[in-house]
>>> print(open('protein.pdb').read())   # PDB, C-alpha atoms
ATOM      1  CA  MET A1002     132.756 119.777  59.665
ATOM      2  CA  TYR A1003     130.847 117.589  62.088
ATOM      3  CA  THR A1004     131.869 117.043  65.655
ATOM      4  CA  THR A1005     132.976 113.597  66.768
ATOM      5  CA  GLU A1006     133.319 114.551  70.395
ATOM      6  CA  LEU A1007     131.245 112.444  72.767
ATOM      7  CA  SER A1008     130.672 113.406  76.363
ATOM      8  CA  LYS A1009     130.118 110.931  79.185
ATOM      9  CA  TYR A1010     128.239 111.723  82.365
ATOM     10  CA  SER A1011     128.378 109.112  85.122
ATOM     11  CA  ALA A1012     125.602 109.160  87.702
ATOM     12  CA  LYS A1013     126.335 108.552  91.346
ATOM     13  CA  ALA A1014     124.346 105.314  91.317
ATOM     14  CA  ASP A1015     126.018 101.929  91.025
ATOM     15  CA  LEU A1016     126.632 101.666  87.282
ATOM     16  CA  SER A1017     126.275  97.874  87.333
ATOM     17  CA  GLN A1018     122.609  98.521  88.099
ATOM     18  CA  THR A1019     122.241 101.707  86.021
ATOM     19  CA  SER A1020     120.590 102.003  82.629
ATOM     20  CA  ARG A1021     122.784 103.613  79.961
ATOM     21  CA  ILE A1022     121.207 106.268  77.751
ATOM     22  CA  LEU A1023     122.611 107.793  74.564
ATOM     23  CA  VAL A1024     121.374 111.367  74.065
ATOM     24  CA  VAL A1025     121.750 112.596  70.462
ATOM     25  CA  GLU A1026     120.899 116.305  70.302
ATOM     26  CA  ASP A1027     122.645 119.106  68.407
ATOM     27  CA  GLU A1028     121.286 122.008  70.477
ATOM     28  CA  GLU A1029     123.759 122.381  73.332
ATOM     29  CA  LEU A1030     121.327 123.920  75.825
ATOM     30  CA  ILE A1031     118.734 121.175  75.325
ATOM     31  CA  ARG A1032     121.451 118.509  75.444
ATOM     32  CA  GLU A1033     122.774 119.813  78.764
ATOM     33  CA  MET A1034     119.247 120.028  80.222
ATOM     34  CA  LEU A1035     118.577 116.420  79.199
ATOM     35  CA  VAL A1036     121.812 115.307  80.821
ATOM     36  CA  VAL A1037     120.999 117.062  84.097
ATOM     37  CA  ALA A1038     117.439 115.688  84.238
ATOM     38  CA  LEU A1039     118.391 112.095  83.394
ATOM     39  CA  GLU A1040     121.528 112.045  85.517
ATOM     40  CA  ARG A1041     119.381 113.131  88.456
ATOM     41  CA  GLU A1042     117.387 109.922  87.970
ATOM     42  CA  GLY A1043     120.563 107.835  88.364
ATOM     43  CA  TYR A1044     121.173 106.980  84.695
ATOM     44  CA  GLU A1045     124.547 106.859  82.969
ATOM     45  CA  ILE A1046     124.462 109.320  80.077
ATOM     46  CA  ILE A1047     126.516 109.440  76.866
ATOM     47  CA  THR A1048     125.945 112.364  74.469
ATOM     48  CA  ALA A1049     126.543 112.998  70.790
ATOM     49  CA  ALA A1050     126.140 116.409  69.133
ATOM     50  CA  ASP A1051     125.361 115.189  65.588
ATOM     51  CA  GLY A1052     124.078 112.150  63.737
ATOM     52  CA  ARG A1053     127.322 110.924  62.222
ATOM     53  CA  ALA A1054     129.136 111.016  65.562
ATOM     54  CA  ALA A1055     126.329 108.947  67.100
ATOM     55  CA  VAL A1056     126.419 106.362  64.296
ATOM     56  CA  GLU A1057     130.194 106.005  64.430
ATOM     57  CA  PHE A1058     130.106 105.651  68.196
ATOM     58  CA  LEU A1059     127.351 103.024  68.048
ATOM     59  CA  LYS A1060     129.285 101.068  65.412
ATOM     60  CA  SER A1061     132.501 101.099  67.428
ATOM     61  CA  CYS A1062     130.735  99.994  70.620
ATOM     62  CA  GLU A1063     128.835  97.190  68.899
ATOM     63  CA  SER A1064     131.951  95.884  67.156
ATOM     64  CA  ASN A1065     133.713  95.689  70.514
ATOM     65  CA  SER A1066     130.942  94.096  72.551
ATOM     66  CA  GLY A1067     128.779  92.411  69.912
ATOM     67  CA  GLU A1068     125.615  93.915  71.418
ATOM     68  CA  SER A1069     124.015  97.296  71.976
ATOM     69  CA  PRO A1070     125.817  99.200  74.735
ATOM     70  CA  PHE A1071     122.696 101.264  75.504
ATOM     71  CA  ASP A1072     119.313 100.613  77.034
ATOM     72  CA  LEU A1073     117.731 103.712  75.479
ATOM     73  CA  VAL A1074     118.515 106.287  72.780
ATOM     74  CA  VAL A1075     116.993 109.763  73.082
ATOM     75  CA  LEU A1076     117.217 110.875  69.468
ATOM     76  CA  ASP A1077     116.536 114.303  67.963
ATOM     77  CA  LEU A1078     114.919 114.201  64.532
ATOM     78  CA  MET A1079     116.673 117.182  62.918
ATOM     79  CA  LEU A1080     120.417 116.534  63.235
ATOM     80  CA  PRO A1081     123.462 117.664  61.252
ATOM     81  CA  GLN A1082     125.140 115.100  58.944
ATOM     82  CA  ILE A1083     122.672 112.224  59.487
ATOM     83  CA  ASN A1084     119.125 112.904  60.637
ATOM     84  CA  GLY A1085     117.261 111.023  63.332
ATOM     85  CA  LEU A1086     114.974 109.138  60.934
ATOM     86  CA  ASP A1087     117.957 107.692  59.072
ATOM     87  CA  ILE A1088     119.670 106.700  62.337
ATOM     88  CA  CYS A1089     116.489 105.006  63.464
ATOM     89  CA  ARG A1090     116.148 103.147  60.146
ATOM     90  CA  LEU A1091     119.788 102.078  60.303
ATOM     91  CA  LEU A1092     119.500 100.700  63.844
ATOM     92  CA  ARG A1093     116.376  98.707  63.016
ATOM     93  CA  HIS A1094     117.853  97.447  59.725
ATOM     94  CA  GLN A1095     120.821  96.129  61.720
ATOM     95  CA  GLY A1096     118.469  94.334  64.084
ATOM     96  CA  ASN A1097     119.262  96.638  66.997
ATOM     97  CA  ALA A1098     116.242  96.534  69.339
ATOM     98  CA  VAL A1099     117.377  99.340  71.667
ATOM     99  CA  ALA A1100     114.476 101.520  72.846
ATOM    100  CA  ILE A1101     114.299 104.845  70.951
ATOM    101  CA  LEU A1102     112.583 108.035  72.099
ATOM    102  CA  MET A1103     112.454 110.486  69.199
ATOM    103  CA  LEU A1104     112.409 114.246  69.833
ATOM    104  CA  SER A1105     111.188 116.706  67.214
ATOM    105  CA  ALA A1106     109.827 120.207  66.707
ATOM    106  CA  LYS A1107     107.551 118.647  64.054
ATOM    107  CA  GLY A1108     104.385 117.722  65.877
ATOM    108  CA  SER A1109     101.914 116.870  63.113
ATOM    109  CA  GLU A1110     100.208 113.492  63.087
ATOM    110  CA  THR A1111     102.039 112.584  59.860
ATOM    111  CA  ASP A1112     105.432 113.345  61.399
ATOM    112  CA  ARG A1113     104.649 111.264  64.484
ATOM    113  CA  VAL A1114     103.418 108.347  62.392
ATOM    114  CA  ILE A1115     106.546 108.421  60.206
ATOM    115  CA  GLY A1116     108.793 108.462  63.281
ATOM    116  CA  LEU A1117     107.009 105.490  64.810
ATOM    117  CA  GLU A1118     106.867 103.570  61.529
ATOM    118  CA  VAL A1119     110.629 103.772  60.952
ATOM    119  CA  GLY A1120     111.191 102.174  64.345
ATOM    120  CA  ALA A1121     110.938 104.724  67.163
ATOM    121  CA  ASP A1122     109.227 103.413  70.302
ATOM    122  CA  ASP A1123     107.923 106.821  71.379
ATOM    123  CA  TYR A1124     107.748 110.358  69.989
ATOM    124  CA  LEU A1125     107.896 113.600  71.969
ATOM    125  CA  THR A1126     107.254 117.016  70.426
ATOM    126  CA  LYS A1127     109.308 120.087  71.318
ATOM    127  CA  PRO A1128     108.911 122.078  73.465
ATOM    128  CA  PHE A1129     108.373 119.483  76.185
ATOM    129  CA  SER A1130     108.612 119.377  79.963
ATOM    130  CA  MET A1131     111.549 117.528  81.474
ATOM    131  CA  ARG A1132     109.173 115.734  83.827
ATOM    132  CA  GLU A1133     107.309 114.255  80.869
ATOM    133  CA  LEU A1134     110.536 113.279  79.124
ATOM    134  CA  VAL A1135     111.864 111.542  82.248
ATOM    135  CA  ALA A1136     108.526 109.730  82.705
ATOM    136  CA  ARG A1137     108.608 108.501  79.103
ATOM    137  CA  CYS A1138     112.211 107.343  79.508
ATOM    138  CA  ARG A1139     111.257 105.429  82.655
ATOM    139  CA  ALA A1140     108.340 103.770  80.872
ATOM    140  CA  LEU A1141     110.493 102.709  77.895
ATOM    141  CA  LEU A1142     113.230 101.321  80.151
ATOM    142  CA  ARG A1143     110.687  99.473  82.268
ATOM    143  CA  ARG A1144     109.096  97.969  79.158
ATOM    144  CA  GLN A1145     112.505  96.908  77.874
ATOM    145  CA  ARG A1146     113.454  95.236  81.165
ATOM    146  CA  LEU A1147     110.194  93.300  81.194
ATOM    147  CA  SER A1148     110.743  92.142  77.622
ATOM    148  CA  THR A1149     114.179  90.765  78.502
ATOM    149  CA  LEU A1150     113.201  88.951  81.698
ATOM    150  CA  PRO A1151     113.984  85.248  81.468
ATOM    151  CA  LEU A1152     110.960  83.002  81.158
ATOM    152  CA  ILE A1153     110.258  80.994  84.294
ATOM    153  CA  PRO A1154     109.395  77.429  83.265
ATOM    154  CA  VAL A1155     105.964  76.015  83.980
ATOM    155  CA  LEU A1156     106.119  73.377  86.723
ATOM    156  CA  LYS A1157     104.320  70.105  85.978
ATOM    157  CA  TYR A1158     103.745  66.984  88.006
ATOM    158  CA  LYS A1159     101.279  64.329  86.867
ATOM    159  CA  GLU A1160      97.942  66.171  86.527
ATOM    160  CA  ILE A1161      99.057  69.443  88.137
ATOM    161  CA  SER A1162     100.493  72.364  86.164
ATOM    162  CA  LEU A1163     101.737  75.568  87.853
ATOM    163  CA  ASN A1164     102.630  78.699  85.884
ATOM    164  CA  PRO A1165     104.760  80.987  88.125
ATOM    165  CA  GLN A1166     104.542  83.992  85.788
ATOM    166  CA  GLU A1167     100.763  83.924  85.456
ATOM    167  CA  CYS A1168     100.135  82.657  89.027
ATOM    168  CA  ARG A1169      97.814  80.007  87.596
ATOM    169  CA  VAL A1170      97.352  76.399  88.614
ATOM    170  CA  LEU A1171      95.610  73.753  86.535
ATOM    171  CA  VAL A1172      94.512  70.466  88.086
ATOM    172  CA  ARG A1173      93.294  67.811  85.670
ATOM    173  CA  GLY A1174      92.841  70.530  83.051
ATOM    174  CA  LYS A1175      90.759  72.855  85.235
ATOM    175  CA  GLU A1176      91.983  76.059  86.855
ATOM    176  CA  VAL A1177      91.874  76.188  90.644
ATOM    177  CA  ASN A1178      91.999  79.328  92.766
ATOM    178  CA  LEU A1179      94.723  79.374  95.395
ATOM    179  CA  SER A1180      95.500  81.978  98.029
ATOM    180  CA  PRO A1181      98.986  83.566  97.824
ATOM    181  CA  LYS A1182     100.284  81.338 100.652
ATOM    182  CA  GLU A1183      98.767  78.215  99.087
ATOM    183  CA  PHE A1184     100.335  79.121  95.742
ATOM    184  CA  ARG A1185     103.771  79.678  97.278
ATOM    185  CA  LEU A1186     103.528  76.394  99.196
ATOM    186  CA  LEU A1187     102.646  74.468  96.059
ATOM    187  CA  GLU A1188     105.361  76.212  94.040
ATOM    188  CA  LEU A1189     107.939  75.277  96.683
ATOM    189  CA  PHE A1190     106.737  71.673  96.786
ATOM    190  CA  MET A1191     106.748  71.309  92.990
ATOM    191  CA  SER A1192     110.191  72.922  92.671
ATOM    192  CA  TYR A1193     111.643  70.231  94.973
ATOM    193  CA  ALA A1194     109.510  67.161  94.318
ATOM    194  CA  ARG A1195     109.974  64.321  96.834
ATOM    195  CA  ARG A1196     111.957  66.486  99.244
ATOM    196  CA  VAL A1197     110.714  66.294 102.828
ATOM    197  CA  TRP A1198     109.993  69.656 104.464
ATOM    198  CA  SER A1199     109.518  70.223 108.176
ATOM    199  CA  ARG A1200     106.847  72.666 109.342
ATOM    200  CA  GLU A1201     109.548  75.072 110.492
ATOM    201  CA  GLN A1202     111.231  75.007 107.055
ATOM    202  CA  LEU A1203     107.934  75.668 105.309
ATOM    203  CA  LEU A1204     107.168  78.547 107.659
ATOM    204  CA  ASP A1205     110.597  80.033 107.019
ATOM    205  CA  HIS A1206     110.342  79.775 103.197
ATOM    206  CA  VAL A1207     106.692  80.753 102.720
ATOM    207  CA  TRP A1208     105.767  82.925 105.704
ATOM    208  CA  GLY A1209     109.249  84.331 106.301
ATOM    209  CA  PRO A1210     111.646  84.202 109.250
ATOM    210  CA  ASP A1211     109.767  86.994 111.069
ATOM    211  CA  PHE A1212     106.493  85.049 111.216
ATOM    212  CA  VAL A1213     105.020  84.916 114.704
ATOM    213  CA  GLY A1214     102.470  82.176 115.164
ATOM    214  CA  ASP A1215     101.769  78.496 115.552
ATOM    215  CA  SER A1216     103.337  75.896 113.248
ATOM    216  CA  LYS A1217      99.844  74.418 112.919
ATOM    217  CA  THR A1218      99.270  77.224 110.394
ATOM    218  CA  VAL A1219     101.149  74.991 107.968
ATOM    219  CA  ASP A1220      98.820  72.052 108.668
ATOM    220  CA  VAL A1221      95.775  74.219 107.974
ATOM    221  CA  HIS A1222      97.134  75.397 104.627
ATOM    222  CA  ILE A1223      98.160  71.861 103.678
ATOM    223  CA  ARG A1224      94.607  70.704 104.376
ATOM    224  CA  TRP A1225      93.197  73.483 102.181
ATOM    225  CA  LEU A1226      95.634  72.612  99.405
ATOM    226  CA  ARG A1227      94.702  68.945  99.546
ATOM    227  CA  GLU A1228      91.026  69.826  99.209
ATOM    228  CA  LYS A1229      91.800  71.713  96.011
ATOM    229  CA  LEU A1230      94.340  69.305  94.508
ATOM    230  CA  GLU A1231      93.494  65.789  95.618
ATOM    231  CA  GLN A1232      90.724  63.588  94.302
ATOM    232  CA  ASP A1233      90.544  62.050  97.782
ATOM    233  CA  PRO A1234      91.975  64.508 100.376
ATOM    234  CA  SER A1235      91.822  61.775 103.053
ATOM    235  CA  HIS A1236      94.246  59.653 100.995
ATOM    236  CA  PRO A1237      96.488  62.251  99.345
ATOM    237  CA  GLU A1238      98.431  61.423  96.210
ATOM    238  CA  TYR A1239     100.412  64.651  95.956
ATOM    239  CA  ILE A1240     101.072  66.184  99.379
ATOM    240  CA  VAL A1241     102.030  63.287 101.612
ATOM    241  CA  THR A1242     102.595  63.390 105.371
ATOM    242  CA  VAL A1243     105.937  61.941 106.455
ATOM    243  CA  ARG A1244     105.311  61.090 110.113
ATOM    244  CA  GLY A1245     107.791  62.598 112.502
ATOM    245  CA  PHE A1246     109.356  64.791 109.799
ATOM    246  CA  GLY A1247     106.820  66.883 107.888
ATOM    247  CA  TYR A1248     105.489  66.857 104.319
ATOM    248  CA  ARG A1249     106.620  65.659 100.908
ATOM    249  CA  PHE A1250     105.279  66.378  97.433
ATOM    250  CA  GLY A1251     104.930  63.323  95.205
TER     251      GLY A1251
END
>>> encode(input="protein.pdb", output="structure tokens")
Amino acid sequence: MYTTELSKYSAKADLSQTSRILVVEDEELIREMLVVALEREGYEIITAADGRAAVEFLKSCESNSGESPFDLVVLDLMLPQINGLDICRLLRHQGNAVAILMLSAKGSETDRVIGLEVGADDYLTKPFSMRELVARCRALLRRQRLSTLPLIPVLKYKEISLNPQECRVLVRGKEVNLSPKEFRLLELFMSYARRVWSREQLLDHVWGPDFVGDSKTVDVHIRWLREKLEQDPSHPEYIVTVRGFGYRFG
């Protein structure tokens, strides 16, 4: 008879910011060691002692929320009732993209290839060090967070295109090299086209409220930007001076 008992371990960290990990491992000692190591990293841990219990729990959670309740599954290959390969196949067949780290005492190249081909994201052979397991979990969670980051739209105005994610600027189809401050100035201008900014506001947004220096720093960077963006920097089309107030883009 398989066990349906699931254990929950809540880390001390704020759970609204904590990744949730499902650990599926039938060996109690290994399961407890995994819990201790991952809980120490601030993760919220749910455990299952056999394959069928894990599948039933995943089904019940998904039917309630409509999406995967976990950020990562640490999945043993050799499990009672339903083995890890079948669980992995089932999750991928259902379109579940949760990150999966497969654990196994089988360390041959063929075994690793099979595990990865059925949908595991990483494969770790027993015996393993807890430090390596934690590092692999961190890497998988980091990769998952990056894959789910919302795309920041490319900013365009006339012949200027600014890609915030790639930190690239194209002017009339050619890439121009901007310093970090120049890039942040242009990004701010393009995000609020036609808004007038005072020097103090630009210093506060780009240099930060703790900046100590002359407001003429802004004028210098505006001049450098104009030289890189404008066809005629003396008669700017993009970054326009609004006398008595500051600068406007467009």
>>> resolve_selection(input="protein.pdb", expression="the PyMOL selection byres ((chain A and resi 1090) around 12)", output="list in words")
Val1056, Leu1078, Ile1083, Asn1084, Gly1085, Leu1086, Asp1087, Ile1088, Cys1089, Leu1091, Leu1092, Arg1093, His1094, Gln1095, Gly1096, Asn1097, Ala1098, Ile1101, Ile1115, Gly1116, Leu1117, Glu1118, Val1119, Gly1120 and Ala1121 of chain A
>>> resolve_selection(input="protein.pdb", expression="the PyMOL selection byres ((chain A and resi 1230) around 12)", output="short mmCIF file (atom, residue, chain, number, x, y, z; two decimals) with C-alpha atoms, keeping the file's coordinate frame")
data_model
loop_
_atom_site.label_atom_id
_atom_site.label_comp_id
_atom_site.auth_asym_id
_atom_site.auth_seq_id
_atom_site.Cartn_x
_atom_site.Cartn_y
_atom_site.Cartn_z
CA TYR A 1158 103.74 66.98 88.01
CA LYS A 1159 101.28 64.33 86.87
CA GLU A 1160 97.94 66.17 86.53
CA ILE A 1161 99.06 69.44 88.14
CA SER A 1162 100.49 72.36 86.16
CA LEU A 1163 101.74 75.57 87.85
CA VAL A 1170 97.35 76.40 88.61
CA LEU A 1171 95.61 73.75 86.54
CA VAL A 1172 94.51 70.47 88.09
CA ARG A 1173 93.29 67.81 85.67
CA GLY A 1174 92.84 70.53 83.05
CA LYS A 1175 90.76 72.86 85.24
CA GLU A 1176 91.98 76.06 86.86
CA VAL A 1177 91.87 76.19 90.64
CA ASN A 1178 92.00 79.33 92.77
CA LEU A 1179 94.72 79.37 95.40
CA GLU A 1183 98.77 78.22 99.09
CA PHE A 1184 100.34 79.12 95.74
CA LEU A 1187 102.65 74.47 96.06
CA ILE A 1223 98.16 71.86 103.68
CA ARG A 1224 94.61 70.70 104.38
CA TRP A 1225 93.20 73.48 102.18
CA LEU A 1226 95.63 72.61 99.40
CA ARG A 1227 94.70 68.94 99.55
CA GLU A 1228 91.03 69.83 99.21
CA LYS A 1229 91.80 71.71 96.01
CA GLU A 1231 93.49 65.79 95.62
CA GLN A 1232 90.72 63.59 94.30
CA ASP A 1233 90.54 62.05 97.78
CA PRO A 1234 91.98 64.51 100.38
CA SER A 1235 91.82 61.78 103.05
CA HIS A 1236 94.25 59.65 101.00
CA PRO A 1237 96.49 62.25 99.34
CA GLU A 1238 98.43 61.42 96.21
CA TYR A 1239 100.41 64.65 95.96
CA ILE A 1240 101.07 66.18 99.38
CA PHE A 1250 105.28 66.38 97.43
#
>>> atom_distance(input="protein.pdb", atom1="CA of Pro1070 (chain A)", atom2="CA of Arg1132 (chain A)")
25.2 Å
>>> atom_distance(input="protein.pdb", atom1="CA of Asp1051 (chain A)", atom2="CA of Leu1076 (chain A)")
10.0 Å
>>> closest_residue(input="protein.pdb", among="A:Gln1145, A:Thr1111, A:Ser1180, A:Ser1105", to="Tyr1124 (chain A)", atoms="all atoms listed in the file")
A:Ser1105
>>> residues_near_point(input="protein.pdb", point="(115.9, 110.7, 86.7)", cutoff="10 Å", atoms="only C-alpha atoms", output="MDAnalysis selection string")
chainID A and resid 1012 1035:1044 1131:1132 1134:1136 1138:1139
>>> closest_residue(input="protein.pdb", among="A:Phe1129, A:Met1191, A:Pro1181, A:His1206", to="Val1155 (chain A)", atoms="only C-alpha atoms")
A:Met1191
>>> closest_residue(input="protein.pdb", among="A:Val1024, A:Val1243, A:Met1034, A:Leu1125", to="Trp1198 (chain A)", atoms="all atoms listed in the file")
A:Val1243
>>> atom_distance(input="protein.pdb", atom1="CA of Glu1133 (chain A)", atom2="CA of Leu1023 (chain A)")
17.8 Å
>>> resolve_selection(input="protein.pdb", expression="the PyMOL selection byres ((chain A and resi 1207-1211) around 12)", output="MDAnalysis selection string")
chainID A and resid 1181:1190 1198 1200:1206 1212:1216 1218:1219 1222
>>> write_last_selection(input="protein.pdb", atoms="C-alpha atoms", output="compact mmCIF listing (two decimals), in the coordinates of the input")
# COMPACT_ATOMS: atom_id res chain seq x y z
CA PRO A 1181 98.99 83.57 97.82
CA LYS A 1182 100.28 81.34 100.65
CA GLU A 1183 98.77 78.22 99.09
CA PHE A 1184 100.34 79.12 95.74
CA ARG A 1185 103.77 79.68 97.28
CA LEU A 1186 103.53 76.39 99.20
CA LEU A 1187 102.65 74.47 96.06
CA GLU A 1188 105.36 76.21 94.04
CA LEU A 1189 107.94 75.28 96.68
CA PHE A 1190 106.74 71.67 96.79
CA TRP A 1198 109.99 69.66 104.46
CA ARG A 1200 106.85 72.67 109.34
CA GLU A 1201 109.55 75.07 110.49
CA GLN A 1202 111.23 75.01 107.06
CA LEU A 1203 107.93 75.67 105.31
CA LEU A 1204 107.17 78.55 107.66
CA ASP A 1205 110.60 80.03 107.02
CA HIS A 1206 110.34 79.78 103.20
CA PHE A 1212 106.49 85.05 111.22
CA VAL A 1213 105.02 84.92 114.70
CA GLY A 1214 102.47 82.18 115.16
CA ASP A 1215 101.77 78.50 115.55
CA SER A 1216 103.34 75.90 113.25
CA THR A 1218 99.27 77.22 110.39
CA VAL A 1219 101.15 74.99 107.97
CA HIS A 1222 97.13 75.40 104.63
>>> axis_aligned_box(input="protein.pdb", around="region 1071-1080 of chain A", padding_each_side="4 Å", output="AutoDock Vina command-line options")
--center_x 118.8 --center_y 108.9 --center_z 70.0 --size_x 15.8 --size_y 24.6 --size_z 22.1
>>> closest_residue(input="protein.pdb", among="A:Val1114, A:Cys1168, A:Pro1128, A:Leu1073", to="Ala1140 (chain A)", atoms="only C-alpha atoms")
A:Leu1073
>>> build_atoms(input="protein.pdb", residues="region 1073-1093 of chain A", atoms="N, CA and C atoms", output="mmCIF file, in the coordinates of the input")
data_model
loop_
_atom_site.group_PDB
_atom_site.id
_atom_site.type_symbol
_atom_site.label_atom_id
_atom_site.label_comp_id
_atom_site.auth_asym_id
_atom_site.auth_seq_id
_atom_site.Cartn_x
_atom_site.Cartn_y
_atom_site.Cartn_z
ATOM 1 N N LEU A 1073 118.663 102.743 76.059
ATOM 2 C CA LEU A 1073 117.731 103.712 75.479
ATOM 3 C C LEU A 1073 118.521 104.743 74.691
ATOM 4 N N VAL A 1074 117.957 105.184 73.551
ATOM 5 C CA VAL A 1074 118.515 106.287 72.780
ATOM 6 C C VAL A 1074 117.474 107.396 72.722
ATOM 7 N N VAL A 1075 117.835 108.576 73.219
ATOM 8 C CA VAL A 1075 116.993 109.763 73.082
ATOM 9 C C VAL A 1075 117.513 110.492 71.856
ATOM 10 N N LEU A 1076 116.718 110.531 70.799
ATOM 11 C CA LEU A 1076 117.217 110.875 69.468
ATOM 12 C C LEU A 1076 116.452 112.051 68.872
ATOM 13 N N ASP A 1077 117.160 113.160 68.625
ATOM 14 C CA ASP A 1077 116.536 114.303 67.963
ATOM 15 C C ASP A 1077 116.319 113.980 66.486
ATOM 16 N N LEU A 1078 115.232 114.489 65.931
ATOM 17 C CA LEU A 1078 114.919 114.201 64.532
ATOM 18 C C LEU A 1078 115.809 114.999 63.577
ATOM 19 N N MET A 1079 115.919 116.298 63.810
ATOM 20 C CA MET A 1079 116.673 117.182 62.918
ATOM 21 C C MET A 1079 118.111 117.312 63.421
ATOM 22 N N LEU A 1080 119.016 116.544 62.818
ATOM 23 C CA LEU A 1080 120.417 116.534 63.235
ATOM 24 C C LEU A 1080 121.330 116.869 62.063
ATOM 25 N N PRO A 1081 122.475 117.473 62.321
ATOM 26 C CA PRO A 1081 123.462 117.664 61.252
ATOM 27 C C PRO A 1081 124.019 116.318 60.787
ATOM 28 N N GLN A 1082 124.468 116.259 59.542
ATOM 29 C CA GLN A 1082 125.140 115.100 58.944
ATOM 30 C C GLN A 1082 124.179 113.942 58.648
ATOM 31 N N ILE A 1083 123.625 113.324 59.668
ATOM 32 C CA ILE A 1083 122.672 112.224 59.487
ATOM 33 C C ILE A 1083 121.478 112.511 60.386
ATOM 34 N N ASN A 1084 120.274 112.548 59.808
ATOM 35 C CA ASN A 1084 119.125 112.904 60.637
ATOM 36 C C ASN A 1084 118.616 111.723 61.461
ATOM 37 N N GLY A 1085 117.739 112.035 62.399
ATOM 38 C CA GLY A 1085 117.261 111.023 63.332
ATOM 39 C C GLY A 1085 116.492 109.888 62.676
ATOM 40 N N LEU A 1086 115.724 110.196 61.624
ATOM 41 C CA LEU A 1086 114.974 109.138 60.934
ATOM 42 C C LEU A 1086 115.929 108.120 60.313
ATOM 43 N N ASP A 1087 117.000 108.608 59.700
ATOM 44 C CA ASP A 1087 117.957 107.692 59.072
ATOM 45 C C ASP A 1087 118.706 106.858 60.115
ATOM 46 N N ILE A 1088 119.018 107.470 61.262
ATOM 47 C CA ILE A 1088 119.670 106.700 62.337
ATOM 48 C C ILE A 1088 118.740 105.612 62.832
ATOM 49 N N CYS A 1089 117.473 105.981 62.996
ATOM 50 C CA CYS A 1089 116.489 105.006 63.464
ATOM 51 C C CYS A 1089 116.351 103.855 62.468
ATOM 52 N N ARG A 1090 116.240 104.190 61.177
ATOM 53 C CA ARG A 1090 116.148 103.147 60.146
ATOM 54 C C ARG A 1090 117.372 102.233 60.178
ATOM 55 N N LEU A 1091 118.546 102.841 60.305
ATOM 56 C CA LEU A 1091 119.788 102.078 60.303
ATOM 57 C C LEU A 1091 119.831 101.097 61.476
ATOM 58 N N LEU A 1092 119.475 101.570 62.668
ATOM 59 C CA LEU A 1092 119.500 100.700 63.844
ATOM 60 C C LEU A 1092 118.550 99.514 63.670
ATOM 61 N N ARG A 1093 117.348 99.798 63.181
ATOM 62 C CA ARG A 1093 116.376 98.707 63.016
ATOM 63 C C ARG A 1093 116.784 97.760 61.892
#
